[in-house]
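Student: Next up, coords_18.cif (mmCIF, C-alpha atoms and all ligand atoms).
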data_target
loop_
_atom_site.label_atom_id
_atom_site.label_comp_id
_atom_site.auth_asym_id
_atom_site.auth_seq_id
_atom_site.Cartn_x
_atom_site.Cartn_y
_atom_site.Cartn_z
CA MET A 273 64.59 113.77 100.39
CA TYR A 274 62.01 112.94 103.07
CA LYS A 275 62.63 116.38 104.64
CA ILE A 276 61.45 118.11 101.45
CA PHE A 277 58.46 115.77 101.21
CA ARG A 278 57.69 116.41 104.88
CA SER A 279 57.73 120.19 104.50
CA ILE A 280 54.98 119.87 101.88
CA LEU A 281 53.14 117.22 103.83
CA PHE A 282 53.11 119.30 107.00
CA LEU A 283 51.17 122.00 105.16
CA PHE A 284 48.20 119.63 105.41
CA GLU A 285 46.16 118.82 108.47
CA PRO A 286 47.77 115.71 110.11
CA GLU A 287 45.08 113.17 109.26
CA LYS A 288 44.94 114.36 105.65
CA ALA A 289 48.74 114.19 105.46
CA HIS A 290 48.59 110.58 106.67
CA ALA A 291 46.07 109.60 104.00
CA LEU A 292 48.01 111.49 101.35
CA THR A 293 51.31 109.80 102.23
CA ALA A 294 49.65 106.39 102.03
CA ARG A 295 48.17 107.17 98.63
CA LEU A 296 51.40 108.62 97.25
CA LEU A 297 53.47 105.67 98.42
CA HIS A 298 50.95 103.29 96.87
CA VAL A 299 51.19 105.06 93.50
CA LEU A 300 54.97 105.41 93.72
CA LEU A 301 55.38 101.67 94.27
CA PHE A 302 53.65 101.04 90.95
CA VAL A 303 56.36 102.93 89.07
CA PRO A 304 58.67 100.35 87.49
CA GLY A 305 61.85 99.90 89.50
CA VAL A 306 60.64 101.70 92.64
CA LYS A 307 59.88 98.55 94.61
CA ARG A 308 63.37 97.29 93.77
CA LEU A 309 64.88 100.63 94.76
CA PHE A 310 63.06 100.71 98.13
CA THR A 311 63.96 97.08 98.75
CA ARG A 312 67.62 97.75 98.08
CA LYS A 313 67.71 101.00 100.05
CA PHE A 314 65.62 100.05 103.09
CA CYS A 315 64.90 96.31 103.22
CA ALA A 316 68.14 94.49 102.47
CA ASP A 317 68.48 93.15 106.00
CA ASP A 318 71.67 91.54 107.17
CA ASP A 319 71.16 88.14 108.80
CA ARG A 320 72.61 89.55 112.03
CA LEU A 321 69.49 91.71 112.39
CA LYS A 322 67.27 88.65 112.60
CA ARG A 323 65.46 88.01 115.86
CA THR A 324 63.56 84.85 116.75
CA LEU A 325 60.87 85.16 119.39
CA TRP A 326 57.87 82.96 120.12
CA GLY A 327 58.92 80.78 117.19
CA LEU A 328 58.61 83.73 114.80
CA THR A 329 61.60 85.00 112.84
CA PHE A 330 61.69 88.77 112.45
CA SER A 331 63.94 89.96 109.59
CA ASN A 332 64.91 92.88 111.85
CA PRO A 333 63.75 94.11 115.27
CA VAL A 334 62.24 97.46 114.18
CA GLY A 335 58.45 97.46 113.81
CA LEU A 336 55.70 99.89 112.90
CA ALA A 337 53.63 100.59 116.02
CA ALA A 338 49.86 100.21 116.24
CA GLY A 339 47.60 103.02 115.09
CA PHE A 340 49.39 103.79 111.84
CA ASP A 341 47.66 101.01 109.90
CA LYS A 342 44.45 100.70 111.86
CA ASN A 343 42.56 98.83 109.14
CA ALA A 344 45.31 96.58 107.74
CA ARG A 345 45.22 98.46 104.48
CA LEU A 346 48.77 99.84 104.38
CA TYR A 347 51.00 97.07 105.67
CA THR A 348 52.20 95.82 102.27
CA ASP A 349 53.23 99.27 101.02
CA PHE A 350 54.85 100.36 104.28
CA SER A 351 56.79 97.12 104.57
CA TYR A 352 58.95 98.61 101.78
CA CYS A 353 60.17 101.18 104.31
CA GLY A 354 62.27 98.50 105.99
CA PHE A 355 60.19 97.42 108.99
CA GLY A 356 60.74 93.93 110.37
CA PHE A 357 57.10 93.69 111.47
CA ILE A 358 53.91 95.72 111.38
CA GLU A 359 51.19 95.92 113.99
CA ILE A 360 47.71 96.58 112.65
CA GLY A 361 44.81 98.02 114.66
CA THR A 362 43.61 98.78 117.20
CA LEU A 363 40.67 96.86 115.79
CA THR A 364 37.34 96.61 117.53
CA PRO A 365 34.62 94.05 116.76
CA ARG A 366 32.28 96.64 115.23
CA PRO A 367 33.31 99.58 113.05
CA GLN A 368 33.35 102.94 114.80
CA LYS A 369 34.05 106.51 113.76
CA GLY A 370 36.23 107.55 116.67
CA ASN A 371 36.23 111.04 118.14
CA PRO A 372 35.26 114.17 116.19
CA ARG A 373 38.01 116.01 114.30
CA PRO A 374 40.40 117.64 114.89
CA ARG A 375 41.82 114.78 116.92
CA LEU A 376 45.46 114.64 115.86
CA PHE A 377 47.93 117.48 116.52
CA ARG A 378 51.57 118.04 115.59
CA LEU A 379 53.91 119.48 118.22
CA LYS A 380 56.78 120.27 115.86
CA LYS A 381 59.09 121.88 118.39
CA ASP A 382 58.80 118.82 120.61
CA GLN A 383 58.93 116.32 117.71
CA ALA A 384 55.72 114.94 119.15
CA LEU A 385 52.06 114.29 118.45
CA ILE A 386 48.93 114.42 120.56
CA ASN A 387 46.06 112.23 119.44
CA ARG A 388 42.59 111.41 120.66
CA MET A 389 41.58 109.28 117.69
CA GLY A 390 39.36 107.01 119.82
CA PHE A 391 39.85 103.70 117.96
CA ASN A 392 38.46 104.89 114.64
CA ASN A 393 38.42 101.71 112.53
CA HIS A 394 36.38 99.79 109.99
CA GLY A 395 35.92 96.85 112.35
CA VAL A 396 37.75 93.56 112.55
CA GLU A 397 35.77 91.86 109.78
CA TRP A 398 36.76 94.53 107.28
CA ALA A 399 40.40 94.20 108.24
CA THR A 400 40.36 90.47 107.57
CA SER A 401 39.26 91.19 103.99
CA GLN A 402 42.55 93.09 103.63
CA LEU A 403 44.63 90.48 105.41
CA LYS A 404 43.35 87.74 103.12
CA LYS A 405 45.24 89.50 100.32
CA ARG A 406 48.52 89.26 102.25
CA LYS A 407 51.28 88.26 99.86
CA LYS A 408 54.47 89.78 101.20
CA ASN A 409 56.29 87.86 103.84
CA ILE A 410 56.23 90.23 106.82
CA ILE A 411 55.21 89.50 110.39
CA ILE A 412 51.91 91.09 111.33
CA GLY A 413 50.63 91.71 114.83
CA GLY A 414 46.93 92.18 115.53
CA ASN A 415 46.20 94.85 118.12
CA ILE A 416 42.69 94.43 119.55
CA GLY A 417 40.41 96.58 121.68
CA LYS A 418 36.82 97.08 122.70
CA ASN A 419 34.16 99.27 121.17
CA LYS A 420 33.48 102.57 122.91
CA ASP A 421 29.87 101.64 123.68
CA THR A 422 30.77 98.30 125.26
CA HIS A 423 30.72 98.52 129.04
CA ASN A 424 33.94 97.41 130.75
CA ASP A 425 32.00 94.54 132.42
CA LEU A 426 31.43 93.09 128.94
CA ALA A 427 34.78 94.08 127.44
CA VAL A 428 36.02 90.49 127.40
CA ASN A 429 33.39 89.62 124.78
CA ASP A 430 34.74 92.30 122.45
CA TYR A 431 38.34 91.13 122.88
CA LEU A 432 37.29 87.51 122.28
CA ASP A 433 35.31 88.48 119.22
CA ALA A 434 38.20 90.46 117.70
CA PHE A 435 40.66 87.69 118.66
CA GLU A 436 38.65 84.93 117.02
CA THR A 437 37.97 86.87 113.83
CA LEU A 438 41.61 87.89 113.41
CA TYR A 439 43.10 84.60 114.55
CA PRO A 440 43.77 83.02 111.12
CA TYR A 441 45.39 86.17 109.74
CA VAL A 442 47.93 87.55 112.21
CA ASP A 443 51.14 86.21 113.76
CA TYR A 444 50.79 87.63 117.26
CA PHE A 445 48.15 89.46 119.30
CA VAL A 446 48.26 92.60 121.40
CA VAL A 447 45.61 93.27 123.99
CA ASN A 448 45.34 97.02 124.13
CA VAL A 449 44.12 98.20 127.52
CA SER A 450 46.12 101.41 127.53
CA SER A 451 44.71 103.90 125.05
CA PRO A 452 43.77 107.09 126.91
CA ASN A 453 41.11 107.93 124.30
CA THR A 454 38.44 105.33 125.00
CA PRO A 455 36.65 106.27 128.21
CA ASN A 456 37.58 103.96 131.12
CA LEU A 457 39.67 101.62 128.94
CA ARG A 458 42.72 102.06 131.14
CA GLU A 459 40.72 100.72 134.10
CA LEU A 460 41.11 97.33 132.45
CA GLN A 461 44.76 97.48 133.57
CA GLU A 462 43.61 97.00 137.16
CA LYS A 463 45.08 93.71 138.47
CA LYS A 464 42.00 91.52 138.97
CA THR A 465 40.25 92.77 135.85
CA LEU A 466 43.31 92.37 133.63
CA LYS A 467 44.15 88.95 135.01
CA LYS A 468 40.63 87.74 134.23
CA LEU A 469 40.58 89.27 130.73
CA LEU A 470 43.96 87.79 129.77
CA SER A 471 43.18 84.39 131.31
CA ILE A 472 39.99 84.07 129.27
CA LEU A 473 41.78 85.10 126.08
CA GLN A 474 44.67 82.76 126.76
CA GLU A 475 42.30 79.88 127.46
CA ARG A 476 40.61 80.48 124.11
CA ASN A 477 44.04 80.77 122.46
CA LYS A 478 45.21 77.47 123.95
CA SER A 479 42.15 75.72 122.54
CA MET A 480 43.22 76.71 119.02
CA PRO A 481 45.20 74.25 116.86
CA SER A 482 48.34 76.40 117.08
CA PRO A 483 48.17 79.05 119.81
CA LYS A 484 49.65 82.45 119.00
CA PRO A 485 51.69 84.80 121.18
CA ILE A 486 49.55 87.18 123.22
CA LEU A 487 51.05 90.41 124.57
CA VAL A 488 49.54 93.17 126.63
CA LYS A 489 50.16 96.83 125.79
CA ILE A 490 50.48 99.10 128.79
CA ALA A 491 50.43 102.81 129.55
CA PRO A 492 53.52 104.77 130.59
CA ASP A 493 51.46 106.38 133.34
CA LEU A 494 51.33 103.29 135.59
CA SER A 495 52.87 103.42 139.06
CA ASN A 496 55.61 101.00 140.14
CA GLN A 497 53.00 99.05 142.12
CA GLN A 498 50.91 98.70 138.97
CA LEU A 499 53.99 97.64 136.99
CA ASP A 500 54.66 94.97 139.65
CA ASP A 501 51.11 93.76 139.06
CA ILE A 502 51.75 93.59 135.31
CA VAL A 503 54.87 91.46 135.88
CA ASP A 504 52.88 89.14 138.13
CA ILE A 505 50.00 88.83 135.65
CA VAL A 506 52.29 88.15 132.67
CA LEU A 507 54.16 85.44 134.60
CA THR A 508 51.19 83.74 136.21
CA THR A 509 48.54 83.83 133.47
CA PRO A 510 50.93 83.29 131.64
CA ILE A 511 51.03 85.43 128.52
CA ASP A 512 53.90 85.95 126.14
CA GLY A 513 55.11 89.51 126.70
CA VAL A 514 54.46 93.21 127.09
CA ILE A 515 54.43 96.19 124.77
CA ALA A 516 55.70 99.21 126.67
CA THR A 517 54.40 101.79 126.12
CA ASN A 518 51.32 103.46 124.72
CA THR A 519 50.96 107.27 124.69
CA THR A 520 51.00 109.35 127.88
CA VAL A 521 48.51 111.76 129.38
CA ASP A 522 51.40 113.63 131.00
CA ARG A 523 52.14 117.09 129.57
CA HIS A 524 55.30 118.00 131.49
CA GLY A 525 58.22 119.64 129.75
CA LEU A 526 56.47 120.44 126.49
CA ASP A 527 57.39 123.52 124.50
CA LEU A 528 53.74 124.66 124.55
CA SER A 529 52.02 127.55 126.27
CA GLN A 530 49.16 126.86 128.66
CA GLN A 531 46.85 128.30 126.04
CA GLU A 532 48.16 125.95 123.33
CA LYS A 533 47.77 122.98 125.68
CA GLN A 534 44.21 124.00 126.38
CA HIS A 535 43.48 124.50 122.70
CA ILE A 536 44.67 120.96 121.89
CA GLY A 537 42.86 119.42 124.84
CA ALA A 538 42.78 115.77 125.87
CA GLY A 539 44.69 112.97 124.20
CA GLY A 540 47.76 110.79 124.27
CA LEU A 541 51.19 112.32 123.78
CA SER A 542 53.74 110.43 121.67
CA GLY A 543 57.19 111.14 120.31
CA GLN A 544 60.37 112.54 121.83
CA PRO A 545 58.95 113.72 125.19
CA LEU A 546 57.75 110.16 125.88
CA ASN A 547 61.11 108.52 125.28
CA LYS A 548 62.58 108.74 128.78
CA ARG A 549 59.51 107.47 130.63
CA SER A 550 58.91 104.66 128.18
CA THR A 551 62.51 103.46 128.58
CA GLU A 552 62.15 103.67 132.38
CA VAL A 553 59.09 101.42 132.21
CA ILE A 554 60.91 98.90 130.01
CA ARG A 555 63.88 98.85 132.39
CA TYR A 556 61.65 98.45 135.41
CA LEU A 557 59.72 95.52 133.90
CA ALA A 558 62.91 93.84 132.65
CA ASP A 559 64.67 94.19 136.02
CA LYS A 560 61.68 93.16 138.12
CA SER A 561 61.00 90.08 135.99
CA ASN A 562 64.65 89.14 135.54
CA ARG A 563 64.01 89.39 131.80
CA ALA A 564 61.62 86.46 132.06
CA PHE A 565 59.46 87.57 129.11
CA PRO A 566 60.05 89.58 125.93
CA ILE A 567 59.25 93.28 125.89
CA ILE A 568 58.52 95.28 122.75
CA GLY A 569 59.83 98.77 123.46
CA VAL A 570 57.98 101.73 121.99
CA GLY A 571 57.69 105.39 122.85
CA GLY A 572 59.62 108.34 121.55
CA ILE A 573 62.31 106.61 119.54
CA SER A 574 63.69 109.31 117.28
CA SER A 575 67.34 108.34 116.87
CA PRO A 576 69.47 105.19 116.71
CA SER A 577 70.71 105.89 120.23
CA ASP A 578 67.11 105.99 121.56
CA ALA A 579 66.58 102.59 119.97
CA LEU A 580 69.79 101.12 121.39
CA GLU A 581 68.89 102.48 124.81
CA LYS A 582 65.54 100.69 124.75
CA ILE A 583 67.24 97.44 123.76
CA GLU A 584 69.85 97.88 126.48
CA ALA A 585 67.02 98.53 128.98
CA GLY A 586 65.48 95.17 128.10
CA ALA A 587 63.48 95.42 124.88
CA SER A 588 63.82 92.48 122.50
CA LEU A 589 62.07 94.32 119.68
CA ILE A 590 61.19 97.98 119.20
CA GLN A 591 58.43 99.91 117.45
CA ILE A 592 58.14 103.40 116.04
CA TYR A 593 55.27 105.68 115.12
CA THR A 594 55.91 109.38 115.71
CA GLY A 595 59.62 109.24 114.82
CA PHE A 596 58.60 107.74 111.49
CA ILE A 597 56.23 110.66 110.82
CA TYR A 598 59.01 113.18 111.50
CA GLN A 599 61.91 111.36 109.86
CA GLY A 600 60.58 108.79 107.40
CA PRO A 601 62.23 105.49 106.47
CA LYS A 602 65.74 106.86 106.98
CA LEU A 603 65.24 106.50 110.74
CA ILE A 604 64.56 102.77 110.35
CA ARG A 605 67.63 102.39 108.15
CA ASP A 606 69.86 104.32 110.57
CA ILE A 607 68.67 102.25 113.53
CA LYS A 608 69.41 99.03 111.67
CA ARG A 609 72.87 100.32 110.76
CA ALA A 610 73.54 101.18 114.42
CA LEU A 611 72.40 97.71 115.47
CA LEU A 612 74.78 96.14 112.99
CA LYS A 613 77.62 98.31 114.18
CA MET A 614 76.89 97.18 117.73
CA ALA A 615 76.79 93.54 116.61
CA LYS A 616 80.27 93.93 115.08
CA SER A 617 81.89 95.47 118.13
C1 LIG B 701 47.87 108.94 115.82
C2 LIG B 701 48.18 107.77 116.71
C3 LIG B 701 47.29 106.74 116.81
C4 LIG B 701 47.57 105.65 117.64
N1 LIG B 701 46.69 104.62 117.71
C5 LIG B 701 46.98 103.53 118.45
C6 LIG B 701 46.11 102.44 118.48
O1 LIG B 701 45.08 102.40 117.81
N2 LIG B 701 46.45 101.39 119.28
C7 LIG B 701 47.58 101.36 120.03
O2 LIG B 701 47.84 100.38 120.71
N3 LIG B 701 48.44 102.40 120.00
C8 LIG B 701 48.16 103.47 119.23
N4 LIG B 701 49.04 104.53 119.20
C9 LIG B 701 50.24 104.49 120.07
C10 LIG B 701 51.49 104.00 119.33
O3 LIG B 701 51.33 102.67 118.88
C11 LIG B 701 52.72 104.08 120.24
O4 LIG B 701 52.54 103.21 121.32
C12 LIG B 701 52.95 105.50 120.78
O5 LIG B 701 52.66 106.45 119.79
C13 LIG B 701 54.38 105.70 121.27
O6 LIG B 701 55.30 105.52 120.23
P1 LIG B 701 55.94 106.75 119.39
O7 LIG B 701 56.42 107.74 120.37
O8 LIG B 701 57.01 106.12 118.54
O9 LIG B 701 54.82 107.30 118.56
C14 LIG B 701 48.77 105.62 118.38
C15 LIG B 701 49.67 106.68 118.28
C16 LIG B 701 49.40 107.75 117.45
C17 LIG B 701 50.39 108.89 117.35
#
Go through the file and emit its structure as structure tokens.
Ligand SMILES: Cc1cc2nc3c(=O)[nH]c(=O)nc-3n(C[C@H](O)[C@H](O)[C@H](O)COP(=O)(O)O)c2cc1C
Tutor:
Amino acid sequence: MYKIFRSILFLFEPEKAHALTARLLHVLLFVPGVKRLFTRKFCADDDRLKRTLWGLTFSNPVGLAAGFDKNARLYTDFSYCGFGFIEIGTLTPRPQKGNPRPRLFRLKKDQALINRMGFNNHGVEWATSQLKKRKKNIIIGGNIGKNKDTHNDLAVNDYLDAFETLYPYVDYFVVNVSSPNTPNLRELQEKKTLKKLLSILQERNKSMPSPKPILVKIAPDLSNQQLDDIVDIVLTTPIDGVIATNTTVDRHGLDLSQQEKQHIGAGGLSGQPLNKRSTEVIRYLADKSNRAFPIIGVGGISSPSDALEKIEAGASLIQIYTGFIYQGPKLIRDIKRALLKMAKS
């Protein structure tokens, strides 16, 4: 069913297809009986899929990764696709347009995407107006970043601003320092800078009546030395976990000519070609830390076995973006079935 829908959808430019899917799902869910049908087909989670982390109970460990619902406008509708949690954002304090279009490209043969969206979002204030309407009981993560025109020296103010505004409305926070599409953002992953940023955020968090989990989202392009630094920072700050990984700037092994690569240009690669490296990063962090903190594994999951591999490597929860674009809610359902099968054996 989704395959037929996808073949029509893929006739449209990727960003238009995204908007169209969101609108169609919204309308579809108004048709009497459809919510019940989706709930039965995709959301009837067995208790054995439940995961409890940081005092939060996830109905299942498969989440929607950041960037899909940047403005917290889609989380209710897409929760009917069977996700156990949804991460909104990346949100910046002030609204910004992001990079000029085209900025999102499909690599069908590779089951991948390249994007250089550049944190296009309506700003954190606007997102809270959507989150205030939250009715459905699904865990929501708030992924926060800095505005493009904020110098890295002042980045902490942007993260604090977004954190404080979102605080009443989300269940956990993700500090995104790993998008390749905001100039110099990845420099915030440097040890001293990151330690300072996370310490300030955690201090503010601890002064709140009930502190929330804070995770850091990292790039797959970090060296082992840099991953060692991440382990050290997470354990000593301390913060609550890591999301591994964001998109990669690596272009190896793609089924694209040099000319096609040049035509697409800069951006972060997601989907199947990212899977191996992302799992390597998860395994490295889990081994180095002796599984001392939870890892949310994301990057190139496009089959149940990819998902199981990430969990085996050390991920407590997983997230999906590109696989969901190519395969729809069936992928979430199949992963959950595989997890149940594993639980039985
Ligand atoms: C179009 C697009 C936009 C994204 N935007 C964000 C974002 O705003 N913040 C973020 O942390 N990650 C963002 N990501 C990265 C995803 O959350 C995820 O880490 C990455 O795509 C790897 O997972 P996947 O292979 O399942 O897509 C984006 C990815 C895509 C494809």
Student: I'd like the interatomic distance between atom CA of A:Asn419 and atom CA of A:Gly395, to a tenth of an Å.
Tutor: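 Between atom CA of A:Asn419 and atom CA of A:Gly395 the gap is 9.3 Å.
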Student: Counting all atoms listed in the file, what residues are within 8 Å of ligand LIG 701 (chain B), given as an MDAnalysis selection string?
Tutor: chainID A and resid 336:340 342 361:363 376 384:392 415:416 446 448 450:451 489 516:519 540:544 546:547 570:574 591:596
Student: Name the closest residue to A:Ser331 among the candidates A:Ser561, A:Ser401, A:Val449, A:Asn409; distances are taken between atoms, counting all atoms listed in the file.
Tutor: A:Asn409
Student: Using all atoms listed in the file, pick whichever of A:Ile515, A:Ile597, A:Met273, A:Leu297 has the shortest atom-to-atom distance to A:Lys380.
Tutor: A:Ile597
Student: Taking into account only C-alpha atoms, which residue in the set A:Ile607, A:Ile472, A:Val447, A:Ser588 is nearest to A:Phe330?
Tutor: A:Ser588
Student: Show me, as a list of chain:residue names, the residues that have an atom within 7 Å of stretch 303-318 of chain A when counting only C-alpha atoms, minus same-chain residues fewer than 5 positions from it.
Tutor: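 The filter keeps A:Ser331, A:Asn332, A:Tyr352, A:Cys353, A:Gly354, A:Arg605.
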Student: What is the atom CA of A:Lys322-atom CA of A:Leu612 distance in Å, reported with one decimal?
Tutor: 10.6 Å
Student: Any idea what the distance is between atom CA of A:Leu292 and atom CA of A:Ile360?
Tutor: 18.7 Å
Student: Considering all atoms listed in the file, can you say which of A:Asn453, A:Asn429, A:Asn496, A:Ser575 comes closest to A:Gly539?
Tutor: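 For A:Gly539, the nearest of the given residues is A:Asn453.
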Student: Have a look at A:Lys582, A:Arg345, A:Arg458, A:Arg366 and name the one nearest to A:Thr437; count only C-alpha atoms.
Tutor: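 Of all the options, A:Arg366 lies closest to A:Thr437.
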Student: Show me, as a PyMOL selection string, the residues that have an atom within 8 Å of A:Arg555 when counting all atoms listed in the file, minus same-chain residues fewer than 3 positions from it.
Tutor: chain A and resi 551-552+558-559+585-586
Student: If you count only C-alpha atoms, which residues fall within 8 Å of stretch 279-287 of chain A, apart from same-chain ones fewer than 6 positions away, as a list in words?
Tutor: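 Close residues of stretch 279-287 of chain A: Thr293, Leu376, Phe377 and Arg378 of chain A.
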Student: Looking at A:Leu403, A:Leu557, A:Ile410, A:Ala615, which one is nearest to A:Phe355, with distances taken over only C-alpha atoms?
Tutor: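 Once distances to A:Phe355 are computed over only C-alpha atoms, the minimum belongs to A:Ile410.
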Student: Find the spatial neighbours of A:Arg406, counting all atoms listed in the file, within a cut-off of 10 Å - ignore same-chain residues fewer than 4 positions away - and output them as a PyMOL selection string.
Tutor: chain A and resi 344+347-348+400-402+410+412+441
Student: Filtering to C-alpha atoms, could you give me those residues as a PDB file, in the frame of the given file?
Tutor:
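Output below, filename part06.pdb:
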ATOM      1  CA  ALA A 344      45.310  96.580 107.740  1.00  0.00           C
ATOM      2  CA  TYR A 347      51.000  97.070 105.670  1.00  0.00           C
ATOM      3  CA  THR A 348      52.200  95.820 102.270  1.00  0.00           C
ATOM      4  CA  THR A 400      40.360  90.470 107.570  1.00  0.00           C
ATOM      5  CA  SER A 401      39.260  91.190 103.990  1.00  0.00           C
ATOM      6  CA  GLN A 402      42.550  93.090 103.630  1.00  0.00           C
ATOM      7  CA  ILE A 410      56.230  90.230 106.820  1.00  0.00           C
ATOM      8  CA  ILE A 412      51.910  91.090 111.330  1.00  0.00           C
ATOM      9  CA  TYR A 441      45.390  86.170 109.740  1.00  0.00           C
TER      10      TYR A 441
END
Student: Tell me, as a ChimeraX atom specification, which residues lie within 12 Å of A:Lys616, counting all atoms listed in the file; anything in the same chain fewer than 5 positions away does not count.
Tutor: /A:318,320-321,609-611
Student: Could you add all heavy atoms to stretch 429-436 of chain A and give me the result as a PDB file, in the frame of the given file?
Tutor:
ATOM      1  N   ASN A 429      34.074  90.133 125.979  1.00  0.00           N
ATOM      2  CA  ASN A 429      33.390  89.620 124.780  1.00  0.00           C
ATOM      3  C   ASN A 429      33.929  90.282 123.520  1.00  0.00           C
ATOM      4  O   ASN A 429      34.097  89.631 122.485  1.00  0.00           O
ATOM      5  CB  ASN A 429      31.870  89.864 124.853  1.00  0.00           C
ATOM      6  CG  ASN A 429      31.261  89.129 126.026  1.00  0.00           C
ATOM      7  OD1 ASN A 429      31.825  88.137 126.486  1.00  0.00           O
ATOM      8  ND2 ASN A 429      30.127  89.610 126.512  1.00  0.00           N
ATOM      9  N   ASP A 430      34.183  91.587 123.608  1.00  0.00           N
ATOM     10  CA  ASP A 430      34.740  92.300 122.450  1.00  0.00           C
ATOM     11  C   ASP A 430      36.139  91.788 122.108  1.00  0.00           C
ATOM     12  O   ASP A 430      36.466  91.567 120.949  1.00  0.00           O
ATOM     13  CB  ASP A 430      34.834  93.811 122.747  1.00  0.00           C
ATOM     14  CG  ASP A 430      33.530  94.535 122.440  1.00  0.00           C
ATOM     15  OD1 ASP A 430      32.505  93.842 122.281  1.00  0.00           O
ATOM     16  OD2 ASP A 430      33.538  95.781 122.364  1.00  0.00           O
ATOM     17  N   TYR A 431      36.973  91.612 123.131  1.00  0.00           N
ATOM     18  CA  TYR A 431      38.340  91.130 122.880  1.00  0.00           C
ATOM     19  C   TYR A 431      38.305  89.717 122.281  1.00  0.00           C
ATOM     20  O   TYR A 431      39.052  89.408 121.353  1.00  0.00           O
ATOM     21  CB  TYR A 431      39.176  91.165 124.169  1.00  0.00           C
ATOM     22  CG  TYR A 431      39.612  92.568 124.559  1.00  0.00           C
ATOM     23  CD1 TYR A 431      38.859  93.336 125.443  1.00  0.00           C
ATOM     24  CD2 TYR A 431      40.769  93.142 124.029  1.00  0.00           C
ATOM     25  CE1 TYR A 431      39.242  94.621 125.797  1.00  0.00           C
ATOM     26  CE2 TYR A 431      41.170  94.431 124.380  1.00  0.00           C
ATOM     27  CZ  TYR A 431      40.395  95.168 125.262  1.00  0.00           C
ATOM     28  OH  TYR A 431      40.779  96.449 125.595  1.00  0.00           O
ATOM     29  N   LEU A 432      37.395  88.874 122.813  1.00  0.00           N
ATOM     30  CA  LEU A 432      37.290  87.510 122.280  1.00  0.00           C
ATOM     31  C   LEU A 432      36.833  87.522 120.835  1.00  0.00           C
ATOM     32  O   LEU A 432      37.365  86.798 119.989  1.00  0.00           O
ATOM     33  CB  LEU A 432      36.284  86.705 123.122  1.00  0.00           C
ATOM     34  CG  LEU A 432      36.819  85.991 124.344  1.00  0.00           C
ATOM     35  CD1 LEU A 432      35.668  85.358 125.124  1.00  0.00           C
ATOM     36  CD2 LEU A 432      37.846  84.917 123.981  1.00  0.00           C
ATOM     37  N   ASP A 433      35.863  88.363 120.569  1.00  0.00           N
ATOM     38  CA  ASP A 433      35.310  88.480 119.220  1.00  0.00           C
ATOM     39  C   ASP A 433      36.413  88.903 118.237  1.00  0.00           C
ATOM     40  O   ASP A 433      36.631  88.261 117.196  1.00  0.00           O
ATOM     41  CB  ASP A 433      34.176  89.525 119.277  1.00  0.00           C
ATOM     42  CG  ASP A 433      33.356  89.556 118.016  1.00  0.00           C
ATOM     43  OD1 ASP A 433      33.853  89.071 116.988  1.00  0.00           O
ATOM     44  OD2 ASP A 433      32.229  90.088 118.053  1.00  0.00           O
ATOM     45  N   ALA A 434      37.131  89.960 118.582  1.00  0.00           N
ATOM     46  CA  ALA A 434      38.200  90.460 117.700  1.00  0.00           C
ATOM     47  C   ALA A 434      39.304  89.393 117.572  1.00  0.00           C
ATOM     48  O   ALA A 434      39.825  89.161 116.476  1.00  0.00           O
ATOM     49  CB  ALA A 434      38.776  91.753 118.263  1.00  0.00           C
ATOM     50  N   PHE A 435      39.617  88.731 118.674  1.00  0.00           N
ATOM     51  CA  PHE A 435      40.660  87.690 118.660  1.00  0.00           C
ATOM     52  C   PHE A 435      40.283  86.559 117.704  1.00  0.00           C
ATOM     53  O   PHE A 435      41.081  86.149 116.860  1.00  0.00           O
ATOM     54  CB  PHE A 435      40.845  87.149 120.088  1.00  0.00           C
ATOM     55  CG  PHE A 435      41.759  85.978 120.187  1.00  0.00           C
ATOM     56  CD1 PHE A 435      43.140  86.153 120.211  1.00  0.00           C
ATOM     57  CD2 PHE A 435      41.255  84.677 120.235  1.00  0.00           C
ATOM     58  CE1 PHE A 435      43.998  85.060 120.280  1.00  0.00           C
ATOM     59  CE2 PHE A 435      42.110  83.587 120.301  1.00  0.00           C
ATOM     60  CZ  PHE A 435      43.475  83.775 120.331  1.00  0.00           C
ATOM     61  N   GLU A 436      39.061  86.077 117.836  1.00  0.00           N
ATOM     62  CA  GLU A 436      38.650  84.930 117.020  1.00  0.00           C
ATOM     63  C   GLU A 436      38.582  85.279 115.536  1.00  0.00           C
ATOM     64  O   GLU A 436      38.978  84.490 114.687  1.00  0.00           O
ATOM     65  CB  GLU A 436      37.309  84.388 117.524  1.00  0.00           C
ATOM     66  CG  GLU A 436      37.503  83.621 118.819  1.00  0.00           C
ATOM     67  CD  GLU A 436      36.208  83.253 119.515  1.00  0.00           C
ATOM     68  OE1 GLU A 436      35.117  83.532 118.967  1.00  0.00           O
ATOM     69  OE2 GLU A 436      36.292  82.692 120.632  1.00  0.00           O
TER      70      GLU A 436
END
